[in-house]
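**Student:** This is the content of final_15.csv (CSV, C-alpha atoms):
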```csv
chain,number,residue,atom,x,y,z
A,1,MET,CA,-28.5,-24.0,35.3
A,2,VAL,CA,-25.5,-21.6,35.0
A,3,THR,CA,-25.9,-18.5,37.1
A,4,LYS,CA,-25.3,-15.1,35.4
A,5,PRO,CA,-22.0,-14.4,37.4
A,6,ILE,CA,-20.5,-17.8,36.4
A,7,TRP,CA,-21.6,-17.3,32.8
A,8,PHE,CA,-20.0,-13.8,32.7
A,9,LEU,CA,-16.8,-15.1,34.3
A,10,THR,CA,-16.7,-18.0,31.7
A,11,LYS,CA,-17.1,-15.5,28.8
A,12,LEU,CA,-14.4,-13.2,30.3
A,13,MET,CA,-11.9,-16.1,30.6
A,14,MET,CA,-12.6,-17.1,27.0
A,15,LEU,CA,-12.0,-13.6,25.8
A,16,PHE,CA,-8.8,-13.4,27.8
A,17,SER,CA,-7.6,-16.7,26.3
A,18,ARG,CA,-8.2,-15.4,22.8
A,19,LEU,CA,-6.4,-12.1,23.5
A,20,MET,CA,-3.4,-13.9,24.9
A,21,LYS,CA,-3.2,-16.2,21.8
A,22,SER,CA,-3.4,-13.1,19.5
A,23,LEU,CA,-0.6,-11.4,21.5
A,24,PHE,CA,1.6,-14.5,21.2
A,25,VAL,CA,1.1,-14.6,17.5
A,26,LEU,CA,2.0,-10.9,17.1
A,27,LEU,CA,5.0,-11.4,19.3
A,28,PHE,CA,6.1,-14.3,17.2
A,29,VAL,CA,5.7,-12.3,14.0
A,30,TRP,CA,7.6,-9.3,15.5
A,31,LEU,CA,10.4,-11.5,16.7
A,32,GLY,CA,10.7,-13.2,13.3
A,33,VAL,CA,10.8,-9.8,11.4
A,34,SER,CA,13.2,-8.3,13.9
A,35,ASN,CA,15.5,-11.3,13.6
A,36,ALA,CA,15.4,-11.2,9.8
A,37,TYR,CA,16.0,-7.4,9.9
A,38,SER,CA,19.1,-7.9,12.2
A,39,GLN,CA,20.4,-10.6,9.9
A,40,THR,CA,19.8,-8.4,6.8
A,41,LYS,CA,21.9,-5.6,8.3
A,42,THR,CA,24.9,-7.9,8.3
A,43,THR,CA,24.2,-9.8,5.1
A,44,TRP,CA,22.9,-7.1,2.8
A,45,PRO,CA,24.3,-5.5,0.8
A,46,LYS,CA,27.3,-7.6,-0.4
A,47,GLN,CA,27.6,-6.1,-3.9
A,48,ALA,CA,26.9,-2.9,-5.9
A,49,ILE,CA,23.4,-1.5,-5.9
A,50,ARG,CA,21.8,0.0,-9.1
A,51,ILE,CA,19.3,2.8,-9.0
A,52,ILE,CA,17.5,3.0,-12.3
A,53,VAL,CA,16.3,6.5,-13.5
A,54,THR,CA,13.8,6.4,-16.3
A,55,PHE,CA,14.8,9.9,-17.7
A,56,THR,CA,17.9,11.6,-18.9
A,57,PRO,CA,20.4,13.1,-16.5
A,58,GLY,CA,19.8,16.5,-14.9
A,59,GLY,CA,16.1,16.2,-14.0
A,60,ALA,CA,14.5,15.7,-10.6
A,61,PRO,CA,14.5,11.9,-10.6
A,62,ASP,CA,18.2,11.9,-11.5
A,63,ILE,CA,19.0,14.4,-8.8
A,64,LEU,CA,17.3,12.3,-6.1
A,65,ALA,CA,19.0,9.1,-7.3
A,66,ARG,CA,22.4,10.7,-7.1
A,67,VAL,CA,21.7,12.1,-3.6
A,68,LEU,CA,20.7,8.7,-2.4
A,69,ALA,CA,23.7,7.0,-4.1
A,70,GLU,CA,26.2,9.4,-2.6
A,71,ASN,CA,24.8,9.0,0.9
A,72,TRP,CA,24.4,5.2,0.7
A,73,GLN,CA,27.9,4.7,-0.5
A,74,GLN,CA,29.2,6.4,2.6
A,75,THR,CA,26.8,4.5,4.9
A,76,LEU,CA,27.0,1.0,3.3
A,77,GLY,CA,30.5,0.9,1.9
A,78,VAL,CA,29.5,-0.6,-1.4
A,79,PRO,CA,29.2,1.1,-4.8
A,80,VAL,CA,25.8,2.6,-5.6
A,81,LEU,CA,25.4,3.2,-9.3
A,82,VAL,CA,22.9,5.5,-11.0
A,83,GLU,CA,21.8,4.2,-14.4
A,84,ASN,CA,19.7,6.3,-16.8
A,85,ARG,CA,17.3,4.3,-19.0
A,86,PRO,CA,15.0,6.9,-20.7
A,87,GLY,CA,12.2,6.3,-23.1
A,88,TYR,CA,8.6,5.3,-23.6
A,89,GLY,CA,7.3,7.5,-20.7
A,90,GLY,CA,9.5,5.8,-18.2
A,91,ASN,CA,8.3,2.3,-19.2
A,92,ILE,CA,11.7,1.1,-20.5
A,93,GLY,CA,13.5,1.6,-17.2
A,94,ALA,CA,10.5,0.5,-15.1
A,95,ASP,CA,10.2,-2.8,-17.1
A,96,LEU,CA,13.9,-3.5,-16.5
A,97,VAL,CA,13.3,-3.2,-12.7
A,98,ALA,CA,10.0,-5.1,-12.7
A,99,LYS,CA,11.8,-8.1,-14.3
A,100,SER,CA,14.9,-8.0,-12.1
A,101,ASP,CA,15.5,-10.2,-9.1
A,102,PRO,CA,13.9,-9.0,-5.9
A,103,ASP,CA,17.2,-9.0,-4.0
A,104,GLY,CA,17.6,-5.3,-3.2
A,105,TYR,CA,20.3,-4.7,-5.8
A,106,THR,CA,18.1,-3.2,-8.5
A,107,LEU,CA,15.9,-0.2,-7.5
A,108,LEU,CA,13.8,2.3,-9.4
A,109,ILE,CA,13.1,6.0,-8.9
A,110,GLY,CA,9.3,5.7,-9.4
A,111,THR,CA,7.3,8.6,-10.8
A,112,VAL,CA,3.6,9.6,-10.9
A,113,GLY,CA,3.8,8.9,-14.6
A,114,ILE,CA,4.9,5.3,-14.2
A,115,HIS,CA,2.8,4.3,-11.3
A,116,ALA,CA,-0.4,6.5,-11.6
A,117,ILE,CA,-0.7,7.6,-15.3
A,118,ASN,CA,0.7,5.1,-17.7
A,119,GLY,CA,-1.7,2.4,-16.9
A,120,ALA,CA,-4.6,4.5,-18.2
A,121,LEU,CA,-2.6,6.1,-21.1
A,122,TYR,CA,-1.1,3.0,-22.7
A,123,ASP,CA,-3.2,0.3,-24.2
A,124,LYS,CA,-0.6,-2.4,-23.5
A,125,MET,CA,1.9,-2.5,-20.7
A,126,SER,CA,4.7,-5.0,-20.4
A,127,PHE,CA,4.4,-4.8,-16.6
A,128,ASP,CA,1.8,-4.0,-14.0
A,129,PRO,CA,2.6,-0.5,-12.4
A,130,VAL,CA,1.4,-1.6,-9.0
A,131,LYS,CA,1.6,-5.4,-8.7
A,132,ASP,CA,5.1,-5.8,-10.2
A,133,PHE,CA,6.8,-3.5,-7.6
A,134,THR,CA,7.5,-3.3,-3.9
A,135,PRO,CA,7.0,0.2,-2.5
A,136,ILE,CA,9.9,1.4,-0.4
A,137,SER,CA,9.3,5.1,0.4
A,138,PHE,CA,8.0,8.4,-1.0
A,139,LEU,CA,11.0,10.6,-1.8
A,140,ALA,CA,10.0,14.1,-2.8
A,141,SER,CA,7.6,16.2,-4.8
A,142,THR,CA,8.0,19.3,-6.9
A,143,PRO,CA,5.6,21.7,-8.7
A,144,ASN,CA,5.6,21.7,-12.4
A,145,VAL,CA,6.1,25.0,-14.1
A,146,LEU,CA,4.8,26.4,-17.4
A,147,ILE,CA,7.6,28.0,-19.2
A,148,VAL,CA,7.4,29.7,-22.7
A,149,ASN,CA,9.8,30.8,-25.4
A,150,LYS,CA,10.6,34.5,-24.7
A,151,GLN,CA,9.8,35.5,-28.3
A,152,LEU,CA,6.3,34.2,-27.9
A,153,GLY,CA,5.4,37.7,-26.6
A,154,VAL,CA,3.2,36.7,-23.6
A,155,SER,CA,3.8,37.5,-20.0
A,156,ASN,CA,1.0,35.7,-18.2
A,157,VAL,CA,-1.3,32.7,-18.5
A,158,HIS,CA,-4.3,34.9,-19.7
A,159,GLU,CA,-2.3,36.2,-22.6
A,160,LEU,CA,-1.1,32.7,-23.6
A,161,ILE,CA,-4.6,31.4,-23.6
A,162,GLU,CA,-5.8,34.3,-25.8
A,163,LEU,CA,-2.9,33.6,-28.2
A,164,ALA,CA,-3.7,29.9,-28.3
A,165,LYS,CA,-7.4,30.6,-29.1
A,166,ALA,CA,-6.4,33.0,-31.9
A,167,LYS,CA,-4.0,30.4,-33.4
A,168,PRO,CA,-5.8,27.0,-32.8
A,169,ASN,CA,-3.5,24.0,-33.1
A,170,GLN,CA,-0.5,26.2,-34.1
A,171,LEU,CA,1.2,26.4,-30.6
A,172,THR,CA,3.0,23.4,-29.3
A,173,PHE,CA,3.9,22.2,-25.8
A,174,GLY,CA,6.7,19.9,-25.0
A,175,SER,CA,7.2,17.4,-22.2
A,176,SER,CA,9.9,14.9,-21.1
A,177,GLY,CA,7.8,12.0,-22.4
A,178,VAL,CA,4.4,10.6,-23.0
A,179,GLY,CA,2.6,9.8,-19.8
A,180,THR,CA,4.7,11.9,-17.5
A,181,SER,CA,3.1,14.4,-15.2
A,182,LEU,CA,4.6,17.1,-17.5
A,183,HIS,CA,2.6,15.7,-20.4
A,184,MET,CA,-0.6,15.4,-18.3
A,185,SER,CA,-0.1,18.9,-17.0
A,186,GLY,CA,-0.4,20.1,-20.6
A,187,GLU,CA,-3.5,17.9,-21.2
A,188,LEU,CA,-5.1,19.3,-18.1
A,189,PHE,CA,-4.1,22.9,-19.2
A,190,LYS,CA,-5.7,22.3,-22.6
A,191,GLU,CA,-8.9,21.0,-21.1
A,192,MET,CA,-9.3,23.7,-18.4
A,193,ALA,CA,-8.3,26.6,-20.7
A,194,GLY,CA,-10.4,25.3,-23.6
A,195,ILE,CA,-7.6,25.6,-26.1
A,196,ASN,CA,-6.1,23.3,-28.8
A,197,ILE,CA,-2.3,23.0,-28.6
A,198,ARG,CA,-0.1,20.2,-29.9
A,199,HIS,CA,1.9,17.9,-27.7
A,200,ILE,CA,5.6,17.2,-28.7
A,201,PRO,CA,7.0,14.4,-26.6
A,202,TYR,CA,10.8,14.1,-26.0
A,203,LYS,CA,12.9,11.4,-24.3
A,204,GLY,CA,13.9,13.9,-21.6
A,205,ARG,CA,14.3,17.5,-20.6
A,206,ASN,CA,17.8,17.7,-22.1
A,207,GLN,CA,16.3,17.4,-25.6
A,208,SER,CA,13.2,19.6,-25.0
A,209,LEU,CA,14.8,22.6,-23.4
A,210,PRO,CA,17.1,23.6,-26.3
A,211,ASP,CA,14.0,23.4,-28.6
A,212,LEU,CA,12.1,25.7,-26.3
A,213,VAL,CA,14.9,28.3,-26.1
A,214,SER,CA,15.3,28.3,-29.8
A,215,GLY,CA,11.6,28.6,-30.5
A,216,ARG,CA,11.0,25.2,-32.1
A,217,ILE,CA,8.3,24.6,-29.5
A,218,SER,CA,6.1,27.3,-27.9
A,219,MET,CA,5.9,26.2,-24.3
A,220,LEU,CA,7.0,23.4,-22.0
A,221,PHE,CA,5.8,22.0,-18.7
A,222,ASP,CA,8.9,21.1,-16.6
A,223,ASN,CA,9.7,20.3,-13.0
A,224,LEU,CA,10.4,23.6,-11.2
A,225,SER,CA,13.5,22.0,-9.7
A,226,SER,CA,14.9,21.4,-13.1
A,227,SER,CA,13.9,24.8,-14.7
A,228,LEU,CA,14.9,27.2,-12.0
A,229,PRO,CA,18.4,27.8,-13.3
A,230,LEU,CA,17.1,28.7,-16.8
A,231,ILE,CA,14.3,30.9,-15.3
A,232,LYS,CA,16.8,32.8,-13.1
A,233,ALA,CA,19.2,33.2,-16.0
A,234,GLY,CA,16.4,34.8,-18.0
A,235,GLU,CA,16.6,32.2,-20.9
A,236,VAL,CA,12.9,31.3,-20.6
A,237,GLN,CA,9.8,33.0,-19.3
A,238,ALA,CA,8.0,31.3,-16.4
A,239,LEU,CA,4.2,31.9,-16.4
A,240,GLY,CA,3.0,29.8,-13.6
A,241,VAL,CA,3.4,26.8,-11.3
A,242,THR,CA,0.9,23.9,-11.2
A,243,THR,CA,0.4,23.7,-7.5
A,244,LEU,CA,-2.4,25.4,-5.6
A,245,LYS,CA,0.1,27.5,-3.6
A,246,ARG,CA,3.2,29.3,-4.8
A,247,SER,CA,6.5,27.5,-4.3
A,248,PRO,CA,8.8,28.7,-1.5
A,249,ALA,CA,11.7,28.1,-3.9
A,250,ALA,CA,10.2,30.7,-6.4
A,251,PRO,CA,7.5,32.7,-4.6
A,252,GLU,CA,7.5,35.3,-7.4
A,253,ILE,CA,6.0,32.8,-9.9
A,254,PRO,CA,2.2,32.8,-9.6
A,255,THR,CA,0.1,29.7,-9.7
A,256,LEU,CA,-2.0,28.8,-12.7
A,257,ALA,CA,-5.0,28.5,-10.3
A,258,GLU,CA,-4.7,32.2,-9.5
A,259,GLN,CA,-4.6,33.2,-13.2
A,260,GLY,CA,-8.0,32.1,-14.2
A,261,LEU,CA,-7.8,28.3,-13.8
A,262,PRO,CA,-9.1,27.7,-10.3
A,263,GLY,CA,-8.4,24.3,-8.9
A,264,PHE,CA,-5.6,23.5,-11.3
A,265,GLU,CA,-3.1,21.2,-9.7
A,266,ALA,CA,-0.5,18.8,-11.1
A,267,VAL,CA,2.4,17.8,-8.9
A,268,SER,CA,5.4,15.7,-9.9
A,269,TRP,CA,6.3,13.2,-7.2
A,270,PHE,CA,9.0,10.6,-6.9
A,271,SER,CA,9.4,7.4,-5.0
A,272,LEU,CA,11.8,4.5,-4.4
A,273,MET,CA,10.5,1.2,-5.7
A,274,ALA,CA,11.9,-2.4,-5.9
A,275,PRO,CA,10.8,-5.5,-7.8
A,276,ALA,CA,7.8,-7.3,-6.4
A,277,ASN,CA,8.4,-9.9,-3.6
A,278,LEU,CA,11.3,-8.0,-2.1
A,279,PRO,CA,12.0,-9.6,1.3
A,280,PRO,CA,10.4,-7.4,4.1
A,281,ALA,CA,13.7,-7.2,5.9
A,282,ILE,CA,15.4,-5.6,2.9
A,283,GLN,CA,12.4,-3.4,2.4
A,284,MET,CA,12.6,-2.1,6.0
A,285,ARG,CA,16.4,-1.5,5.6
A,286,LEU,CA,16.0,0.5,2.4
A,287,ASN,CA,13.2,2.5,4.0
A,288,GLN,CA,15.4,3.3,6.9
A,289,LEU,CA,18.3,4.3,4.7
A,290,THR,CA,16.1,6.6,2.6
A,291,LYS,CA,14.8,8.3,5.7
A,292,GLN,CA,18.2,8.8,7.1
A,293,ALA,CA,19.4,10.3,3.8
A,294,LEU,CA,16.5,12.7,3.1
A,295,GLU,CA,16.2,13.8,6.8
A,296,ASN,CA,19.8,14.9,6.8
A,297,SER,CA,19.7,18.7,7.2
A,298,ASP,CA,22.3,19.4,4.6
A,299,ILE,CA,20.6,17.2,2.0
A,300,LYS,CA,17.1,18.5,2.9
A,301,ASN,CA,18.1,22.1,2.6
A,302,ARG,CA,19.9,21.5,-0.7
A,303,LEU,CA,16.8,19.8,-2.2
A,304,LEU,CA,14.4,22.5,-0.9
A,305,ALA,CA,16.5,25.3,-2.4
A,306,GLY,CA,16.3,23.5,-5.7
A,307,GLY,CA,12.5,23.3,-5.6
A,308,LEU,CA,12.2,19.7,-4.3
A,309,ASP,CA,10.3,19.0,-1.1
A,310,PRO,CA,11.6,15.8,0.5
A,311,ALA,CA,9.1,13.8,2.6
A,312,PRO,CA,10.1,10.2,3.2
A,313,GLY,CA,7.5,7.9,4.6
A,314,SER,CA,6.3,4.4,5.1
A,315,PRO,CA,5.7,1.8,2.3
A,316,GLU,CA,2.0,1.8,3.3
A,317,ASP,CA,1.6,5.5,2.9
A,318,LEU,CA,3.2,5.3,-0.6
A,319,SER,CA,0.8,2.5,-1.6
A,320,LYS,CA,-2.2,4.7,-0.6
A,321,LEU,CA,-0.8,7.7,-2.5
A,322,ILE,CA,-0.4,5.6,-5.7
A,323,THR,CA,-4.1,4.4,-5.4
A,324,ARG,CA,-5.4,8.0,-5.0
A,325,GLU,CA,-3.2,9.4,-7.8
A,326,SER,CA,-4.2,6.6,-10.1
A,327,ARG,CA,-7.9,7.4,-9.7
A,328,LYS,CA,-7.2,11.1,-10.3
A,329,TRP,CA,-5.1,10.8,-13.4
A,330,SER,CA,-7.2,8.0,-14.9
A,331,ARG,CA,-10.1,10.5,-15.0
A,332,VAL,CA,-7.9,13.2,-16.6
A,333,VAL,CA,-6.7,10.8,-19.3
A,334,GLN,CA,-10.3,9.7,-20.0
A,335,GLN,CA,-11.7,13.2,-20.1
A,336,SER,CA,-8.8,14.5,-22.3
A,337,GLY,CA,-8.9,11.6,-24.7
A,338,ALA,CA,-5.1,11.4,-24.5
A,339,LYS,CA,-3.4,8.3,-25.7
A,340,ALA,CA,0.2,7.2,-26.0
A,341,GLU,CA,1.6,7.4,-29.5
A,342,PRO,CA,2.3,3.9,-30.9
```
When written as structure tokens, how does the structure in this file appear?
**Tutor:**
Amino acid sequence: MVTKPIWFLTKLMMLFSRLMKSLFVLLFVWLGVSNAYSQTKTTWPKQAIRIIVTFTPGGAPDILARVLAENWQQTLGVPVLVENRPGYGGNIGADLVAKSDPDGYTLLIGTVGIHAINGALYDKMSFDPVKDFTPISFLASTPNVLIVNKQLGVSNVHELIELAKAKPNQLTFGSSGVGTSLHMSGELFKEMAGINIRHIPYKGRNQSLPDLVSGRISMLFDNLSSSLPLIKAGEVQALGVTTLKRSPAAPEIPTLAEQGLPGFEAVSWFSLMAPANLPPAIQMRLNQLTKQALENSDIKNRLLAGGLDPAPGSPEDLSKLITRESRKWSRVVQQSGAKAEP
């Protein structure tokens, strides 16, 4: 019969043996990844890198892509090209990247629209917004801002809601495309304010802003970082930002939440994505390059002054964000009844 001390010692030795095996496995994996990472630093990149932006030039995704391209060219010594592929709520450019080789030479500026909204908004998608991509890093976020034509004659959100109720289905709101956070900001606004306004989608902000200034559309949800120059120039009237707190870049603009729509929140965020099955070593290298660029004090201050809040992080954190945001915006799409136009 085995005495208790001997039994306890036997169990302890077995546990120690299992622990050592696990440590050896972890060490083996770590050495493999580290070796692959070291090799990647010398073998990648060997050619030009493309960053696909799914909207027209001038907006927040385009600004971020060009910031990365400029920094990476200096760091890597290879051309880094920004390519604008607008249309279909970002799906055209995203589809191109999803079907590209996972070699680190074709990347995407991901958006909340592409990865957290379009899956619920479009009946058919030519790609999976999650499974067909490798997450690299969160890039930055920016409040959306509600801006109106100055001739509309309103100076705050309360007056706009009263006007919309007096003229049901006559006022229009534009966005840079179906499924974008700008579109969904409008849908959320309609639902929470209890008004009926018509959505006018554009292929990008460069087409929508002239129509707002001229009065062809009544209002527009845009990224604050993109609209600040027009707001400061007095060409459009800013009524409110879509975050729960005022933006440090424009603290004089109140939130929609403090103007009778408590809890209103719709943030545009941007990420760096690659095709699915990107080798982990290249994923790690791209993540490191992104952090180095966005944590550069000059770049960070420049983005903050323009209304963008850079916050690079891990691929795992980005995946968790996409999951949370997908749940949130799926509910908004369902409750609003919004659907992408055929």
**Student:** Pick the closest to Asp128 in chain A from A:Ala276, A:Leu81, A:Leu261, A:Ala48: which is it, counting all atoms listed in the file?
**Tutor:**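 Closest candidate: A:Ala276.
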**Student:** Identify, on the basis of all atoms listed in the file, every residue whose closest approach to range 175-189 of chain A does not exceed 7 Å; exclude the query and any residue fewer than 6 positions from it along the same chain; express the result as a list in words.
**Tutor:**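 Residues near the query, excluding close chain neighbours: Tyr88, Gly89, Val112, Gly113, Ile117, Asn118, Leu121, Asn144, Ile200, Pro201, Tyr202, Lys203, Gly204, Arg205, Ser208, Leu220, Phe221, Asp222, Ala266, Ser268, Val332, Ser336 and Ala340 of chain A.
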**Student:** Please report the interatomic distance between CA of Leu107 in chain A and CA of Glu295 in chain A in Å with one decimal.
**Tutor:**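 Here the two named atoms are 20.0 Å from each other.
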**Student:** Which neighbours of Val157 in chain A fall inside 7 Å, counting only C-alpha atoms, when residues of the same chain fewer than 4 positions from it are skipped, and could you give them as a list in words?
**Tutor:**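 So, after excluding close chain neighbours, the residues are Ile161, Leu239 and Gln259 of chain A.
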**Student:** Please save C-alpha atoms of the selected residues as a short mmCIF file (atom, residue, chain, number, x, y, z; two decimals), keeping the file's coordinate frame.
**Tutor:**
```
data_model
loop_
_atom_site.label_atom_id
_atom_site.label_comp_id
_atom_site.auth_asym_id
_atom_site.auth_seq_id
_atom_site.Cartn_x
_atom_site.Cartn_y
_atom_site.Cartn_z
CA ILE A 161 -4.60 31.40 -23.60
CA LEU A 239 4.20 31.90 -16.40
CA GLN A 259 -4.60 33.20 -13.20
#
```
**Student:** From the options A:Gly215, A:Pro135, A:Gly337, A:Pro168, which residue's atoms come nearest to Ser314 in chain A, counting all atoms listed in the file?
**Tutor:**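 Closest residue, counting all atoms listed in the file: A:Pro135.
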**Student:** Figure out the distance between CA of Pro254 in chain A and CA of Val148 in chain A, please, to one decimal in Å.
**Tutor:**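 According to the coordinates, CA of Val148 in chain A and CA of Pro254 in chain A are separated by 14.4 Å.
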**Student:** To one decimal place in Å, what is the distance between CA of Thr323 in chain A and CA of Ala338 in chain A?
**Tutor:** 20.4 Å
**Student:** Using only C-alpha atoms, which residues sit within 8 Å of Asn206 in chain A once same-chain residues fewer than 6 positions away are excluded, as an NGL selection string?
**Tutor:** :A and (56-58)
**Student:** Kindly indicate which residue among A:Leu294, A:Ala140, A:Leu152, A:Val67 lies nearest to Ala238 in chain A, using all atoms listed in the file for the distances.
**Tutor:**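 The shortest atom-to-atom distance to Ala238 in chain A comes from A:Leu152.
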**Student:** Using all atoms listed in the file, which protein or nucleic acid residues come within 12 Å of Pro262 in chain A? Drop anything in the same chain fewer than 2 positions from it, and give the result as a list in words.
**Tutor:**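 Non-adjacent residues within range: Phe189, Met192, Ala193, Thr242, Thr243, Leu244, Lys245, Thr255, Leu256, Ala257, Glu258, Gln259, Gly260, Phe264 and Glu265 of chain A.
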